[in-house]
Every structure is written in C-alpha cells, then in structure tokens.
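Student: Attaching a single structure in structure tokens format; questions to follow.
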Amino acid sequence: MLAKILVALDNSSEASVVFDFALSIAQPKLSKMLLVHFVDWQIEDVSPWVGVGTLYDVDISGDRYNRSREHLQQEIEQSNSWLESYAQKASARNLDCEFECRLGNCNLGIGDRAKEWGADLIVIGRRGHRNISEILLGSVSNYVIHHAPCSVLVVQGTIAVR
C-alpha cells in the first residue's frame, strides 16, 4: 500500500500531468499526499566587490536585496496558491493532502523532504530533455532517482524537440 506519496511539482505545463498521475494511484482515505515545490533563491552577484564596504554595498545592494526579497515573496505566494488548488482537488477525492513551498535546491530538497516525512513513494515529472540539453539544463528527476530514500515514479512529460 502506498501510504505516503510525496509529489514534487514545478510550475510547468507538466505539473498537472504529474499531479493527476499521483492522484490516480493514491487510495482514498488510506493514502496521504504531500505536494512540494522548491524555490531556489539566489541574488545575482553583479559586482566582485559586493560585501567589502564599497559604495555599491551602501547605496545599491540594500535596494537590490529588498527587490529580490519582494520577488521571492511573490513567487512563494503564487506557488502556494497553485499548490493549494491541487490540494483541494485531492481533498475532494478523500485524500489527506498537504502542500508546501520550500526554499532551496530541488535536487537535494526533494529527497531530504521525502526522508523527513517518511514517504513511501516520490512522484516526479520528466520533461524529456535529451543529450546536450539534459547536460546543460540538468535533470532533477535523474538526481532524485539516484539519491532518493524511497521508490521514485517518474511521469514522462512532453518530449522536448531534439
């Protein structure tokens, strides 16, 4: 029985396919779902002198930092909004479903969160990048498969143009 299913979602067109697949294998009143989205927040470093007491630090970096934090907050709010809509669909099917938007790298975070939560299964999407595009863009699903503390089900998304 799949008691605890962690569903890793991004805000792409494939997210609904991944969610629907997870929903199809979950057992009403028996399975629990955790919908997780990661926001990787990094401030762009525009100056090698930032942080050493330059005028840039005093005049500009504070404003840039504030704008970055505002953008981050907006992204988290938007993510929580669409995650909540998925959670409501799961609840309508008698599934115990939680959701969370976390800060951090999704490669590391998905497996760590699955371990913390005690997941039996991770459901994740794959966009279908191949060859050089996979090397350049990376593969979250590939990383999760090789580092997950539990079984991983990969849902194939749209095949990328080669």
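Labels for the structure tokens follow display order: chains A, B, ..., residues from 1 in each chain, ligands from 1.
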For Asp120 in chain A, find every residue with an atom within 12 Å (counting only C-alpha atoms), except residues of its own chain fewer than 4 positions away, and show them as number ranges by chain.

Tutor: A: 1-7, 26, 31-34, 111, 113-116, 148-153

Student: Any chance you could export the current selection's C-alpha atoms as a PDB file, in the first residue's frame?

Tutor:
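As a result, result-v4.pdb now contains:
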```pdb
ATOM      1  CA  MET A   1       0.000   0.000   0.000  1.00  0.00           C
ATOM      2  CA  LEU A   2       1.226   3.497  -0.831  1.00  0.00           C
ATOM      3  CA  ALA A   3       0.545   5.275   2.422  1.00  0.00           C
ATOM      4  CA  LYS A   4       2.656   8.406   1.905  1.00  0.00           C
ATOM      5  CA  ILE A   5       3.171   9.867  -1.562  1.00  0.00           C
ATOM      6  CA  LEU A   6       5.384  12.911  -1.997  1.00  0.00           C
ATOM      7  CA  VAL A   7       4.555  14.709  -5.252  1.00  0.00           C
ATOM      8  CA  ALA A  26      -3.418   7.236  -4.357  1.00  0.00           C
ATOM      9  CA  SER A  31      -3.017   7.447   1.242  1.00  0.00           C
ATOM     10  CA  LYS A  32      -1.549  10.749   2.295  1.00  0.00           C
ATOM     11  CA  MET A  33      -0.074  13.156  -0.213  1.00  0.00           C
ATOM     12  CA  LEU A  34       2.470  15.891   0.266  1.00  0.00           C
ATOM     13  CA  GLY A 111      14.982  13.529  -1.268  1.00  0.00           C
ATOM     14  CA  ARG A 113      11.912  16.121   2.422  1.00  0.00           C
ATOM     15  CA  ALA A 114      10.857  12.585   1.462  1.00  0.00           C
ATOM     16  CA  LYS A 115      13.149  11.199   4.160  1.00  0.00           C
ATOM     17  CA  GLU A 116      11.905  13.695   6.810  1.00  0.00           C
ATOM     18  CA  ALA A 148      16.044   9.160  -3.043  1.00  0.00           C
ATOM     19  CA  PRO A 149      15.406   7.320   0.240  1.00  0.00           C
ATOM     20  CA  CYS A 150      12.375   5.530  -1.272  1.00  0.00           C
ATOM     21  CA  SER A 151      10.907   4.420  -4.599  1.00  0.00           C
ATOM     22  CA  VAL A 152      10.567   7.037  -7.337  1.00  0.00           C
ATOM     23  CA  LEU A 153       7.930   7.078 -10.056  1.00  0.00           C
TER      24      LEU A 153
END
```

Student: Show which residues sit within 10 Å of His37 in chain A, as a list of chain:residue names. Count only C-alpha atoms, and ignore same-chain residues fewer than 5 positions away.

Tutor: A:Val7, A:Ala8, A:Leu9, A:Asp10, A:Asn11, A:Ile76, A:Ser79, A:Asn80, A:Leu83, A:Phe99, A:Glu100, A:Cys101, A:Arg102, A:Leu103, A:Gly104, A:Cys106, A:Gly109, A:Ile110

Student: Those same residues - C-alpha atoms - I'd like them written as an mmCIF file, in the first residue's frame.

Tutor:
```
data_model
loop_
_atom_site.group_PDB
_atom_site.id
_atom_site.type_symbol
_atom_site.label_atom_id
_atom_site.label_comp_id
_atom_site.auth_asym_id
_atom_site.auth_seq_id
_atom_site.Cartn_x
_atom_site.Cartn_y
_atom_site.Cartn_z
ATOM 1 C CA VAL A 7 4.555 14.709 -5.252
ATOM 2 C CA ALA A 8 7.317 17.039 -6.455
ATOM 3 C CA LEU A 9 5.840 19.774 -8.624
ATOM 4 C CA ASP A 10 7.163 22.707 -10.549
ATOM 5 C CA ASN A 11 5.013 25.396 -12.106
ATOM 6 C CA ILE A 76 6.152 31.891 -2.804
ATOM 7 C CA SER A 79 3.333 28.846 -5.672
ATOM 8 C CA ASN A 80 1.254 28.326 -2.544
ATOM 9 C CA LEU A 83 -0.352 24.140 -4.780
ATOM 10 C CA PHE A 99 1.307 21.231 0.429
ATOM 11 C CA GLU A 100 4.371 23.349 0.963
ATOM 12 C CA CYS A 101 6.634 25.689 -0.904
ATOM 13 C CA ARG A 102 10.205 25.462 0.350
ATOM 14 C CA LEU A 103 13.331 27.483 -0.246
ATOM 15 C CA GLY A 104 16.285 25.522 -1.513
ATOM 16 C CA CYS A 106 15.110 20.912 -5.517
ATOM 17 C CA GLY A 109 15.420 19.083 -1.182
ATOM 18 C CA ILE A 110 13.091 16.503 -2.686
#
```

Student: Between A:Gly125, A:Tyr86, A:Leu95, A:Gly118, which has the minimum distance to Ile25 in chain A (counting only C-alpha atoms)?

Tutor: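 Under the stated criterion, the closest residue is A:Leu95.
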
Student: Select, from A:Ala90, A:Leu23, A:Leu108, A:Ala15, the residue with the minimum atom-to-atom distance to Asn142 in chain A, counting only C-alpha atoms.

Tutor: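 Going through A:Ala90, A:Leu23, A:Leu108, A:Ala15 one by one, the smallest distance to Asn142 in chain A is for A:Leu108.
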
Student: Counting only C-alpha atoms, which residue out of A:Asn105, A:Ser91, A:Ser141, A:Gln78 sits closest to Val39 in chain A?

Tutor: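 Smallest distance to Val39 in chain A is found for A:Asn105.
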
Student: Determine the nearest neighbour of Phe21 in chain A from the options A:Ser81, A:Ile145, A:Ile122, A:Asn94, counting only C-alpha atoms.

Tutor: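 Of all the options, A:Ile122 lies closest to Phe21 in chain A.
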
Student: Of the residues A:Gly157, A:Arg126, A:His71, A:Cys97, which is the one nearest to Val36 in chain A, using only C-alpha atoms?

Tutor: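 Result for the nearest residue to Val36 in chain A: A:Cys97.
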